[in-house]
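J.: What follows is final.pdb, made up of PDB, N, CA and C atoms, pLDDT in the B column:
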ATOM      1  N   MET A   1       3.142  -4.620 -16.042  1.00 96.00           N
ATOM      2  CA  MET A   1       3.487  -5.029 -14.692  1.00 96.00           C
ATOM      3  C   MET A   1       2.864  -4.046 -13.702  1.00 96.00           C
ATOM      4  N   PHE A   2       2.169  -4.570 -12.712  1.00 98.00           N
ATOM      5  CA  PHE A   2       1.560  -3.767 -11.659  1.00 98.00           C
ATOM      6  C   PHE A   2       2.274  -4.017 -10.342  1.00 98.00           C
ATOM      7  N   PHE A   3       2.217  -3.036  -9.475  1.00 98.00           N
ATOM      8  CA  PHE A   3       2.739  -3.155  -8.118  1.00 98.00           C
ATOM      9  C   PHE A   3       1.568  -3.095  -7.151  1.00 98.00           C
ATOM     10  N   VAL A   4       1.506  -4.060  -6.255  1.00 98.00           N
ATOM     11  CA  VAL A   4       0.592  -4.005  -5.119  1.00 98.00           C
ATOM     12  C   VAL A   4       1.466  -3.554  -3.961  1.00 98.00           C
ATOM     13  N   TYR A   5       1.060  -2.501  -3.273  1.00 98.00           N
ATOM     14  CA  TYR A   5       1.956  -1.912  -2.277  1.00 98.00           C
ATOM     15  C   TYR A   5       1.269  -1.661  -0.951  1.00 98.00           C
ATOM     16  N   ILE A   6       2.090  -1.631   0.080  1.00 97.00           N
ATOM     17  CA  ILE A   6       1.664  -1.267   1.427  1.00 97.00           C
ATOM     18  C   ILE A   6       2.558  -0.102   1.840  1.00 97.00           C
ATOM     19  N   ILE A   7       1.928   0.997   2.220  1.00 97.00           N
ATOM     20  CA  ILE A   7       2.690   2.129   2.734  1.00 97.00           C
ATOM     21  C   ILE A   7       2.296   2.366   4.185  1.00 97.00           C
ATOM     22  N   LYS A   8       3.228   2.932   4.933  1.00 96.00           N
ATOM     23  CA  LYS A   8       3.021   3.161   6.362  1.00 96.00           C
ATOM     24  C   LYS A   8       3.208   4.643   6.668  1.00 96.00           C
ATOM     25  N   SER A   9       2.281   5.186   7.444  1.00 97.00           N
ATOM     26  CA  SER A   9       2.357   6.589   7.847  1.00 97.00           C
ATOM     27  C   SER A   9       3.412   6.772   8.923  1.00 97.00           C
ATOM     28  N   SER A  10       4.207   7.812   8.776  1.00 94.00           N
ATOM     29  CA  SER A  10       5.192   8.146   9.804  1.00 94.00           C
ATOM     30  C   SER A  10       4.543   8.859  10.989  1.00 94.00           C
ATOM     31  N   ILE A  11       3.310   9.305  10.811  1.00 93.00           N
ATOM     32  CA  ILE A  11       2.587  10.023  11.865  1.00 93.00           C
ATOM     33  C   ILE A  11       2.023   9.071  12.914  1.00 93.00           C
ATOM     34  N   ASP A  12       1.255   8.064  12.450  1.00 93.00           N
ATOM     35  CA  ASP A  12       0.590   7.186  13.417  1.00 93.00           C
ATOM     36  C   ASP A  12       0.706   5.693  13.079  1.00 93.00           C
ATOM     37  N   ASN A  13       1.620   5.359  12.172  1.00 91.00           N
ATOM     38  CA  ASN A  13       1.897   3.970  11.803  1.00 91.00           C
ATOM     39  C   ASN A  13       0.747   3.237  11.119  1.00 91.00           C
ATOM     40  N   ARG A  14      -0.255   3.964  10.632  1.00 94.00           N
ATOM     41  CA  ARG A  14      -1.338   3.291   9.910  1.00 94.00           C
ATOM     42  C   ARG A  14      -0.824   2.802   8.571  1.00 94.00           C
ATOM     43  N   LEU A  15      -1.472   1.766   8.048  1.00 96.00           N
ATOM     44  CA  LEU A  15      -1.102   1.201   6.761  1.00 96.00           C
ATOM     45  C   LEU A  15      -2.141   1.556   5.709  1.00 96.00           C
ATOM     46  N   TYR A  16      -1.680   1.713   4.492  1.00 97.00           N
ATOM     47  CA  TYR A  16      -2.558   1.933   3.346  1.00 97.00           C
ATOM     48  C   TYR A  16      -2.157   0.907   2.291  1.00 97.00           C
ATOM     49  N   LYS A  17      -3.163   0.268   1.696  1.00 98.00           N
ATOM     50  CA  LYS A  17      -2.912  -0.748   0.674  1.00 98.00           C
ATOM     51  C   LYS A  17      -3.456  -0.268  -0.654  1.00 98.00           C
ATOM     52  N   GLY A  18      -2.691  -0.469  -1.722  1.00 98.00           N
ATOM     53  CA  GLY A  18      -3.130  -0.053  -3.040  1.00 98.00           C
ATOM     54  C   GLY A  18      -2.348  -0.756  -4.125  1.00 98.00           C
ATOM     55  N   PHE A  19      -2.650  -0.400  -5.379  1.00 98.00           N
ATOM     56  CA  PHE A  19      -1.873  -0.923  -6.501  1.00 98.00           C
ATOM     57  C   PHE A  19      -1.724   0.148  -7.554  1.00 98.00           C
ATOM     58  N   THR A  20      -0.672   0.020  -8.361  1.00 98.00           N
ATOM     59  CA  THR A  20      -0.330   1.045  -9.332  1.00 98.00           C
ATOM     60  C   THR A  20       0.595   0.471 -10.401  1.00 98.00           C
ATOM     61  N   LEU A  21       0.743   1.203 -11.481  1.00 98.00           N
ATOM     62  CA  LEU A  21       1.725   0.850 -12.506  1.00 98.00           C
ATOM     63  C   LEU A  21       3.103   1.423 -12.190  1.00 98.00           C
ATOM     64  N   ASP A  22       3.134   2.552 -11.474  1.00 98.00           N
ATOM     65  CA  ASP A  22       4.386   3.254 -11.179  1.00 98.00           C
ATOM     66  C   ASP A  22       4.476   3.528  -9.678  1.00 98.00           C
ATOM     67  N   LEU A  23       5.194   2.696  -8.984  1.00 98.00           N
ATOM     68  CA  LEU A  23       5.246   2.771  -7.520  1.00 98.00           C
ATOM     69  C   LEU A  23       5.865   4.072  -7.024  1.00 98.00           C
ATOM     70  N   GLN A  24       6.957   4.505  -7.611  1.00 97.00           N
ATOM     71  CA  GLN A  24       7.612   5.736  -7.147  1.00 97.00           C
ATOM     72  C   GLN A  24       6.714   6.964  -7.350  1.00 97.00           C
ATOM     73  N   LYS A  25       6.063   7.021  -8.494  1.00 98.00           N
ATOM     74  CA  LYS A  25       5.150   8.133  -8.778  1.00 98.00           C
ATOM     75  C   LYS A  25       3.981   8.128  -7.796  1.00 98.00           C
ATOM     76  N   ARG A  26       3.453   6.943  -7.523  1.00 98.00           N
ATOM     77  CA  ARG A  26       2.300   6.835  -6.617  1.00 98.00           C
ATOM     78  C   ARG A  26       2.678   7.240  -5.201  1.00 98.00           C
ATOM     79  N   LEU A  27       3.841   6.826  -4.726  1.00 98.00           N
ATOM     80  CA  LEU A  27       4.293   7.222  -3.394  1.00 98.00           C
ATOM     81  C   LEU A  27       4.445   8.739  -3.318  1.00 98.00           C
ATOM     82  N   LYS A  28       4.985   9.319  -4.364  1.00 97.00           N
ATOM     83  CA  LYS A  28       5.143  10.777  -4.412  1.00 97.00           C
ATOM     84  C   LYS A  28       3.779  11.473  -4.318  1.00 97.00           C
ATOM     85  N   GLU A  29       2.783  10.937  -5.025  1.00 97.00           N
ATOM     86  CA  GLU A  29       1.428  11.505  -4.970  1.00 97.00           C
ATOM     87  C   GLU A  29       0.863  11.433  -3.553  1.00 97.00           C
ATOM     88  N   HIS A  30       1.075  10.295  -2.880  1.00 97.00           N
ATOM     89  CA  HIS A  30       0.608  10.178  -1.490  1.00 97.00           C
ATOM     90  C   HIS A  30       1.284  11.229  -0.616  1.00 97.00           C
ATOM     91  N   ASN A  31       2.581  11.406  -0.783  1.00 97.00           N
ATOM     92  CA  ASN A  31       3.320  12.340   0.070  1.00 97.00           C
ATOM     93  C   ASN A  31       3.094  13.804  -0.281  1.00 97.00           C
ATOM     94  N   LEU A  32       2.584  14.074  -1.472  1.00 96.00           N
ATOM     95  CA  LEU A  32       2.223  15.447  -1.849  1.00 96.00           C
ATOM     96  C   LEU A  32       0.790  15.793  -1.465  1.00 96.00           C
ATOM     97  N   GLY A  33       0.073  14.827  -0.895  1.00 94.00           N
ATOM     98  CA  GLY A  33      -1.298  15.080  -0.452  1.00 94.00           C
ATOM     99  C   GLY A  33      -2.333  14.989  -1.543  1.00 94.00           C
ATOM    100  N   LYS A  34      -2.046  14.299  -2.635  1.00 94.00           N
ATOM    101  CA  LYS A  34      -2.985  14.213  -3.751  1.00 94.00           C
ATOM    102  C   LYS A  34      -4.073  13.162  -3.540  1.00 94.00           C
ATOM    103  N   ASN A  35      -3.964  12.378  -2.478  1.00 91.00           N
ATOM    104  CA  ASN A  35      -4.978  11.383  -2.156  1.00 91.00           C
ATOM    105  C   ASN A  35      -5.679  11.844  -0.886  1.00 91.00           C
ATOM    106  N   LYS A  36      -6.982  12.056  -0.970  1.00 93.00           N
ATOM    107  CA  LYS A  36      -7.742  12.604   0.150  1.00 93.00           C
ATOM    108  C   LYS A  36      -7.649  11.747   1.417  1.00 93.00           C
ATOM    109  N   SER A  37      -7.648  10.421   1.243  1.00 93.00           N
ATOM    110  CA  SER A  37      -7.655   9.548   2.425  1.00 93.00           C
ATOM    111  C   SER A  37      -6.276   9.413   3.080  1.00 93.00           C
ATOM    112  N   THR A  38      -5.208   9.697   2.361  1.00 96.00           N
ATOM    113  CA  THR A  38      -3.874   9.562   2.964  1.00 96.00           C
ATOM    114  C   THR A  38      -3.228  10.900   3.312  1.00 96.00           C
ATOM    115  N   SER A  39      -3.750  11.969   2.796  1.00 95.00           N
ATOM    116  CA  SER A  39      -3.145  13.290   2.985  1.00 95.00           C
ATOM    117  C   SER A  39      -2.902  13.674   4.448  1.00 95.00           C
ATOM    118  N   PRO A  40      -3.860  13.457   5.349  1.00 95.00           N
ATOM    119  CA  PRO A  40      -3.639  13.886   6.746  1.00 95.00           C
ATOM    120  C   PRO A  40      -2.547  13.108   7.485  1.00 95.00           C
ATOM    121  N   TYR A  41      -2.103  12.002   6.925  1.00 96.00           N
ATOM    122  CA  TYR A  41      -1.190  11.119   7.647  1.00 96.00           C
ATOM    123  C   TYR A  41       0.202  11.038   7.023  1.00 96.00           C
ATOM    124  N   LYS A  42       0.503  11.944   6.121  1.00 95.00           N
ATOM    125  CA  LYS A  42       1.817  11.950   5.477  1.00 95.00           C
ATOM    126  C   LYS A  42       2.882  12.436   6.437  1.00 95.00           C
ATOM    127  N   PRO A  43       4.108  12.054   6.285  1.00 97.00           N
ATOM    128  CA  PRO A  43       4.690  11.339   5.147  1.00 97.00           C
ATOM    129  C   PRO A  43       4.497   9.821   5.243  1.00 97.00           C
ATOM    130  N   TRP A  44       4.563   9.186   4.088  1.00 98.00           N
ATOM    131  CA  TRP A  44       4.402   7.745   3.938  1.00 98.00           C
ATOM    132  C   TRP A  44       5.694   7.129   3.431  1.00 98.00           C
ATOM    133  N   LYS A  45       5.899   5.856   3.778  1.00 97.00           N
ATOM    134  CA  LYS A  45       7.024   5.121   3.209  1.00 97.00           C
ATOM    135  C   LYS A  45       6.528   3.726   2.812  1.00 97.00           C
ATOM    136  N   VAL A  46       7.104   3.189   1.766  1.00 97.00           N
ATOM    137  CA  VAL A  46       6.752   1.850   1.303  1.00 97.00           C
ATOM    138  C   VAL A  46       7.372   0.838   2.262  1.00 97.00           C
ATOM    139  N   VAL A  47       6.536  -0.050   2.789  1.00 97.00           N
ATOM    140  CA  VAL A  47       7.042  -1.088   3.684  1.00 97.00           C
ATOM    141  C   VAL A  47       6.961  -2.478   3.048  1.00 97.00           C
ATOM    142  N   TYR A  48       6.201  -2.600   1.951  1.00 97.00           N
ATOM    143  CA  TYR A  48       6.068  -3.892   1.276  1.00 97.00           C
ATOM    144  C   TYR A  48       5.486  -3.669  -0.105  1.00 97.00           C
ATOM    145  N   TYR A  49       5.941  -4.456  -1.068  1.00 97.00           N
ATOM    146  CA  TYR A  49       5.311  -4.439  -2.379  1.00 97.00           C
ATOM    147  C   TYR A  49       5.531  -5.767  -3.078  1.00 97.00           C
ATOM    148  N   GLU A  50       4.655  -6.047  -4.022  1.00 97.00           N
ATOM    149  CA  GLU A  50       4.740  -7.235  -4.868  1.00 97.00           C
ATOM    150  C   GLU A  50       4.501  -6.807  -6.306  1.00 97.00           C
ATOM    151  N   LYS A  51       5.118  -7.500  -7.239  1.00 98.00           N
ATOM    152  CA  LYS A  51       4.865  -7.285  -8.660  1.00 98.00           C
ATOM    153  C   LYS A  51       3.928  -8.377  -9.151  1.00 98.00           C
ATOM    154  N   VAL A  52       2.932  -7.984  -9.926  1.00 98.00           N
ATOM    155  CA  VAL A  52       2.018  -8.943 -10.548  1.00 98.00           C
ATOM    156  C   VAL A  52       1.837  -8.556 -12.011  1.00 98.00           C
ATOM    157  N   GLU A  53       1.382  -9.489 -12.797  1.00 98.00           N
ATOM    158  CA  GLU A  53       1.294  -9.287 -14.246  1.00 98.00           C
ATOM    159  C   GLU A  53       0.102  -8.438 -14.691  1.00 98.00           C
ATOM    160  N   THR A  54      -1.077  -8.646 -14.081  1.00 98.00           N
ATOM    161  CA  THR A  54      -2.291  -8.009 -14.598  1.00 98.00           C
ATOM    162  C   THR A  54      -2.976  -7.144 -13.547  1.00 98.00           C
ATOM    163  N   ARG A  55      -3.831  -6.261 -14.041  1.00 98.00           N
ATOM    164  CA  ARG A  55      -4.632  -5.411 -13.154  1.00 98.00           C
ATOM    165  C   ARG A  55      -5.550  -6.264 -12.282  1.00 98.00           C
ATOM    166  N   ILE A  56      -6.096  -7.316 -12.838  1.00 98.00           N
ATOM    167  CA  ILE A  56      -6.996  -8.200 -12.090  1.00 98.00           C
ATOM    168  C   ILE A  56      -6.246  -8.864 -10.934  1.00 98.00           C
ATOM    169  N   GLU A  57      -5.049  -9.349 -11.197  1.00 98.00           N
ATOM    170  CA  GLU A  57      -4.231  -9.934 -10.127  1.00 98.00           C
ATOM    171  C   GLU A  57      -3.930  -8.894  -9.046  1.00 98.00           C
ATOM    172  N   ALA A  58      -3.615  -7.679  -9.483  1.00 98.00           N
ATOM    173  CA  ALA A  58      -3.289  -6.607  -8.534  1.00 98.00           C
ATOM    174  C   ALA A  58      -4.494  -6.288  -7.657  1.00 98.00           C
ATOM    175  N   ARG A  59      -5.663  -6.180  -8.261  1.00 98.00           N
ATOM    176  CA  ARG A  59      -6.879  -5.860  -7.501  1.00 98.00           C
ATOM    177  C   ARG A  59      -7.208  -6.978  -6.514  1.00 98.00           C
ATOM    178  N   ASN A  60      -7.057  -8.219  -6.957  1.00 98.00           N
ATOM    179  CA  ASN A  60      -7.343  -9.351  -6.068  1.00 98.00           C
ATOM    180  C   ASN A  60      -6.368  -9.400  -4.897  1.00 98.00           C
ATOM    181  N   ARG A  61      -5.111  -9.114  -5.159  1.00 98.00           N
ATOM    182  CA  ARG A  61      -4.103  -9.124  -4.083  1.00 98.00           C
ATOM    183  C   ARG A  61      -4.365  -7.979  -3.104  1.00 98.00           C
ATOM    184  N   GLU A  62      -4.737  -6.810  -3.631  1.00 98.00           N
ATOM    185  CA  GLU A  62      -5.080  -5.680  -2.770  1.00 98.00           C
ATOM    186  C   GLU A  62      -6.267  -6.042  -1.876  1.00 98.00           C
ATOM    187  N   LYS A  63      -7.278  -6.653  -2.449  1.00 98.00           N
ATOM    188  CA  LYS A  63      -8.448  -7.086  -1.669  1.00 98.00           C
ATOM    189  C   LYS A  63      -8.035  -8.051  -0.562  1.00 98.00           C
ATOM    190  N   TYR A  64      -7.129  -8.967  -0.892  1.00 98.00           N
ATOM    191  CA  TYR A  64      -6.642  -9.911   0.114  1.00 98.00           C
ATOM    192  C   TYR A  64      -5.979  -9.170   1.267  1.00 98.00           C
ATOM    193  N   PHE A  65      -5.100  -8.221   0.970  1.00 97.00           N
ATOM    194  CA  PHE A  65      -4.406  -7.477   2.019  1.00 97.00           C
ATOM    195  C   PHE A  65      -5.369  -6.683   2.896  1.00 97.00           C
ATOM    196  N   LYS A  66      -6.517  -6.323   2.358  1.00 97.00           N
ATOM    197  CA  LYS A  66      -7.516  -5.578   3.120  1.00 97.00           C
ATOM    198  C   LYS A  66      -8.437  -6.497   3.928  1.00 97.00           C
ATOM    199  N   SER A  67      -8.352  -7.805   3.709  1.00 97.00           N
ATOM    200  CA  SER A  67      -9.175  -8.773   4.435  1.00 97.00           C
ATOM    201  C   SER A  67      -8.529  -9.101   5.778  1.00 97.00           C
ATOM    202  N   GLY A  68      -9.267  -9.780   6.624  1.00 96.00           N
ATOM    203  CA  GLY A  68      -8.725 -10.198   7.918  1.00 96.00           C
ATOM    204  C   GLY A  68      -7.509 -11.089   7.769  1.00 96.00           C
ATOM    205  N   ALA A  69      -7.589 -12.059   6.866  1.00 97.00           N
ATOM    206  CA  ALA A  69      -6.456 -12.967   6.643  1.00 97.00           C
ATOM    207  C   ALA A  69      -5.258 -12.199   6.095  1.00 97.00           C
ATOM    208  N   GLY A  70      -5.506 -11.257   5.210  1.00 96.00           N
ATOM    209  CA  GLY A  70      -4.425 -10.460   4.638  1.00 96.00           C
ATOM    210  C   GLY A  70      -3.770  -9.564   5.666  1.00 96.00           C
ATOM    211  N   ARG A  71      -4.572  -8.967   6.529  1.00 94.00           N
ATOM    212  CA  ARG A  71      -4.010  -8.125   7.597  1.00 94.00           C
ATOM    213  C   ARG A  71      -3.149  -8.967   8.543  1.00 94.00           C
ATOM    214  N   GLU A  72      -3.606 -10.192   8.828  1.00 94.00           N
ATOM    215  CA  GLU A  72      -2.828 -11.086   9.684  1.00 94.00           C
ATOM    216  C   GLU A  72      -1.517 -11.466   9.011  1.00 94.00           C
ATOM    217  N   TYR A  73      -1.571 -11.761   7.710  1.00 94.00           N
ATOM    218  CA  TYR A  73      -0.361 -12.079   6.940  1.00 94.00           C
ATOM    219  C   TYR A  73       0.631 -10.918   7.018  1.00 94.00           C
ATOM    220  N   LEU A  74       0.155  -9.694   6.776  1.00 94.00           N
ATOM    221  CA  LEU A  74       1.036  -8.524   6.827  1.00 94.00           C
ATOM    222  C   LEU A  74       1.607  -8.313   8.229  1.00 94.00           C
ATOM    223  N   LYS A  75       0.786  -8.551   9.227  1.00 91.00           N
ATOM    224  CA  LYS A  75       1.245  -8.406  10.622  1.00 91.00           C
ATOM    225  C   LYS A  75       2.433  -9.338  10.869  1.00 91.00           C
ATOM    226  N   ASN A  76       2.347 -10.553  10.357  1.00 93.00           N
ATOM    227  CA  ASN A  76       3.418 -11.537  10.556  1.00 93.00           C
ATOM    228  C   ASN A  76       4.681 -11.202   9.789  1.00 93.00           C
ATOM    229  N   ILE A  77       4.553 -10.772   8.533  1.00 91.00           N
ATOM    230  CA  ILE A  77       5.759 -10.531   7.749  1.00 91.00           C
ATOM    231  C   ILE A  77       6.384  -9.156   8.011  1.00 91.00           C
ATOM    232  N   LEU A  78       5.592  -8.216   8.493  1.00 90.00           N
ATOM    233  CA  LEU A  78       6.105  -6.864   8.731  1.00 90.00           C
ATOM    234  C   LEU A  78       6.426  -6.600  10.191  1.00 90.00           C
ATOM    235  N   ASP A  79       6.220  -7.561  11.062  1.00 79.00           N
ATOM    236  CA  ASP A  79       6.456  -7.384  12.507  1.00 79.00           C
ATOM    237  C   ASP A  79       5.693  -6.188  13.065  1.00 79.00           C
ATOM    238  N   LEU A  80       4.388  -6.166  12.798  1.00 66.00           N
ATOM    239  CA  LEU A  80       3.554  -5.066  13.297  1.00 66.00           C
ATOM    240  C   LEU A  80       2.943  -5.395  14.643  1.00 66.00           C
TER     241      LEU A  80
END
Could you rewrite the structure in this file as structure tokens?
T.:
Amino acid sequence: MFFVYIIKSSIDNRLYKGFTLDLQKRLKEHNLGKNKSTSPYKPWKVVYYEKVETRIEARNREKYFKSGAGREYLKNILDL
């Protein structure tokens, strides 16, 4: 089981989209600064996630969230 997740920076409200096998561990890594692209904007909190069966599904869903249509979808469901 994979998690596709959206996290939000408490600093400037930017969103980061990713996927992982262990959501809690991954969030902890983001907040400890272990990811170069998210480190300057910590702390982060999970604002949305989905469970999917395969890595391929997770990657495709992540790609969708990074697309224009996906960003619009997130804007609508997250009240951004």
J.: So which residues touch range 2-18 of chain A within 8 Å, counting only N, CA and C atoms, skipping near sequence neighbours fewer than 5 positions away, as a ChimeraX atom specification?
T.: /A:23,38,40-55,57-59,61-63,65-66
J.: One decimal, in Å: what's the spacing between CA of Phe19 in chain A and CA of Tyr64 in chain A?
T.: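 If I compute the distance from CA of Phe19 in chain A to CA of Tyr64 in chain A, I get 12.1 Å.
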J.: Could you please determine the separation between atom C of Asn35 in chain A and CA of Thr20 in chain A in Å, to one decimal place?
T.: 14.7 Å
J.: Could you put an axis-aligned box around every listed atom of range 5-13 of chain A, padded by 8 Å on each side, and send me its centre and edge lengths in Å to one decimal, as JSON?
T.:
{"center_x": 2.9, "center_y": 3.8, "center_z": 5.1, "size_x": 20.6, "size_y": 28.5, "size_z": 32.7}
J.: Please, what distance in Å, to one decimal, runs between atom C of Lys36 in chain A and atom N of Lys75 in chain A?
T.: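 Straight-line distance from atom C of Lys36 in chain A to atom N of Lys75 in chain A works out to 23.3 Å.
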J.: When DSSP works through the backbone of this structure, what residues of chain A end up as helix (DSSP H, G or I), shown as a ChimeraX atom specification?
T.: /A:23-31,39-41,55-66,68-78
J.: Could you tell me, as an mmCIF file with N, CA and C atoms, keeping the file's coordinate frame, which residues of chain A DSSP assigns to strand (DSSP E or B) when given the backbone?
T.:
data_model
loop_
_atom_site.group_PDB
_atom_site.id
_atom_site.type_symbol
_atom_site.label_atom_id
_atom_site.label_comp_id
_atom_site.auth_asym_id
_atom_site.auth_seq_id
_atom_site.Cartn_x
_atom_site.Cartn_y
_atom_site.Cartn_z
ATOM 1 N N PHE A 2 2.169 -4.570 -12.712
ATOM 2 C CA PHE A 2 1.560 -3.767 -11.659
ATOM 3 C C PHE A 2 2.274 -4.017 -10.342
ATOM 4 N N PHE A 3 2.217 -3.036 -9.475
ATOM 5 C CA PHE A 3 2.739 -3.155 -8.118
ATOM 6 C C PHE A 3 1.568 -3.095 -7.151
ATOM 7 N N VAL A 4 1.506 -4.060 -6.255
ATOM 8 C CA VAL A 4 0.592 -4.005 -5.119
ATOM 9 C C VAL A 4 1.466 -3.554 -3.961
ATOM 10 N N TYR A 5 1.060 -2.501 -3.273
ATOM 11 C CA TYR A 5 1.956 -1.912 -2.277
ATOM 12 C C TYR A 5 1.269 -1.661 -0.951
ATOM 13 N N ILE A 6 2.090 -1.631 0.080
ATOM 14 C CA ILE A 6 1.664 -1.267 1.427
ATOM 15 C C ILE A 6 2.558 -0.102 1.840
ATOM 16 N N ILE A 7 1.928 0.997 2.220
ATOM 17 C CA ILE A 7 2.690 2.129 2.734
ATOM 18 C C ILE A 7 2.296 2.366 4.185
ATOM 19 N N LYS A 8 3.228 2.932 4.933
ATOM 20 C CA LYS A 8 3.021 3.161 6.362
ATOM 21 C C LYS A 8 3.208 4.643 6.668
ATOM 22 N N SER A 9 2.281 5.186 7.444
ATOM 23 C CA SER A 9 2.357 6.589 7.847
ATOM 24 C C SER A 9 3.412 6.772 8.923
ATOM 25 N N LEU A 15 -1.472 1.766 8.048
ATOM 26 C CA LEU A 15 -1.102 1.201 6.761
ATOM 27 C C LEU A 15 -2.141 1.556 5.709
ATOM 28 N N TYR A 16 -1.680 1.713 4.492
ATOM 29 C CA TYR A 16 -2.558 1.933 3.346
ATOM 30 C C TYR A 16 -2.157 0.907 2.291
ATOM 31 N N LYS A 17 -3.163 0.268 1.696
ATOM 32 C CA LYS A 17 -2.912 -0.748 0.674
ATOM 33 C C LYS A 17 -3.456 -0.268 -0.654
ATOM 34 N N GLY A 18 -2.691 -0.469 -1.722
ATOM 35 C CA GLY A 18 -3.130 -0.053 -3.040
ATOM 36 C C GLY A 18 -2.348 -0.756 -4.125
ATOM 37 N N PHE A 19 -2.650 -0.400 -5.379
ATOM 38 C CA PHE A 19 -1.873 -0.923 -6.501
ATOM 39 C C PHE A 19 -1.724 0.148 -7.554
ATOM 40 N N THR A 20 -0.672 0.020 -8.361
ATOM 41 C CA THR A 20 -0.330 1.045 -9.332
ATOM 42 C C THR A 20 0.595 0.471 -10.401
ATOM 43 N N TRP A 44 4.563 9.186 4.088
ATOM 44 C CA TRP A 44 4.402 7.745 3.938
ATOM 45 C C TRP A 44 5.694 7.129 3.431
ATOM 46 N N LYS A 45 5.899 5.856 3.778
ATOM 47 C CA LYS A 45 7.024 5.121 3.209
ATOM 48 C C LYS A 45 6.528 3.726 2.812
ATOM 49 N N VAL A 46 7.104 3.189 1.766
ATOM 50 C CA VAL A 46 6.752 1.850 1.303
ATOM 51 C C VAL A 46 7.372 0.838 2.262
ATOM 52 N N VAL A 47 6.536 -0.050 2.789
ATOM 53 C CA VAL A 47 7.042 -1.088 3.684
ATOM 54 C C VAL A 47 6.961 -2.478 3.048
ATOM 55 N N TYR A 48 6.201 -2.600 1.951
ATOM 56 C CA TYR A 48 6.068 -3.892 1.276
ATOM 57 C C TYR A 48 5.486 -3.669 -0.105
ATOM 58 N N TYR A 49 5.941 -4.456 -1.068
ATOM 59 C CA TYR A 49 5.311 -4.439 -2.379
ATOM 60 C C TYR A 49 5.531 -5.767 -3.078
ATOM 61 N N GLU A 50 4.655 -6.047 -4.022
ATOM 62 C CA GLU A 50 4.740 -7.235 -4.868
ATOM 63 C C GLU A 50 4.501 -6.807 -6.306
ATOM 64 N N LYS A 51 5.118 -7.500 -7.239
ATOM 65 C CA LYS A 51 4.865 -7.285 -8.660
ATOM 66 C C LYS A 51 3.928 -8.377 -9.151
ATOM 67 N N VAL A 52 2.932 -7.984 -9.926
ATOM 68 C CA VAL A 52 2.018 -8.943 -10.548
ATOM 69 C C VAL A 52 1.837 -8.556 -12.011
#
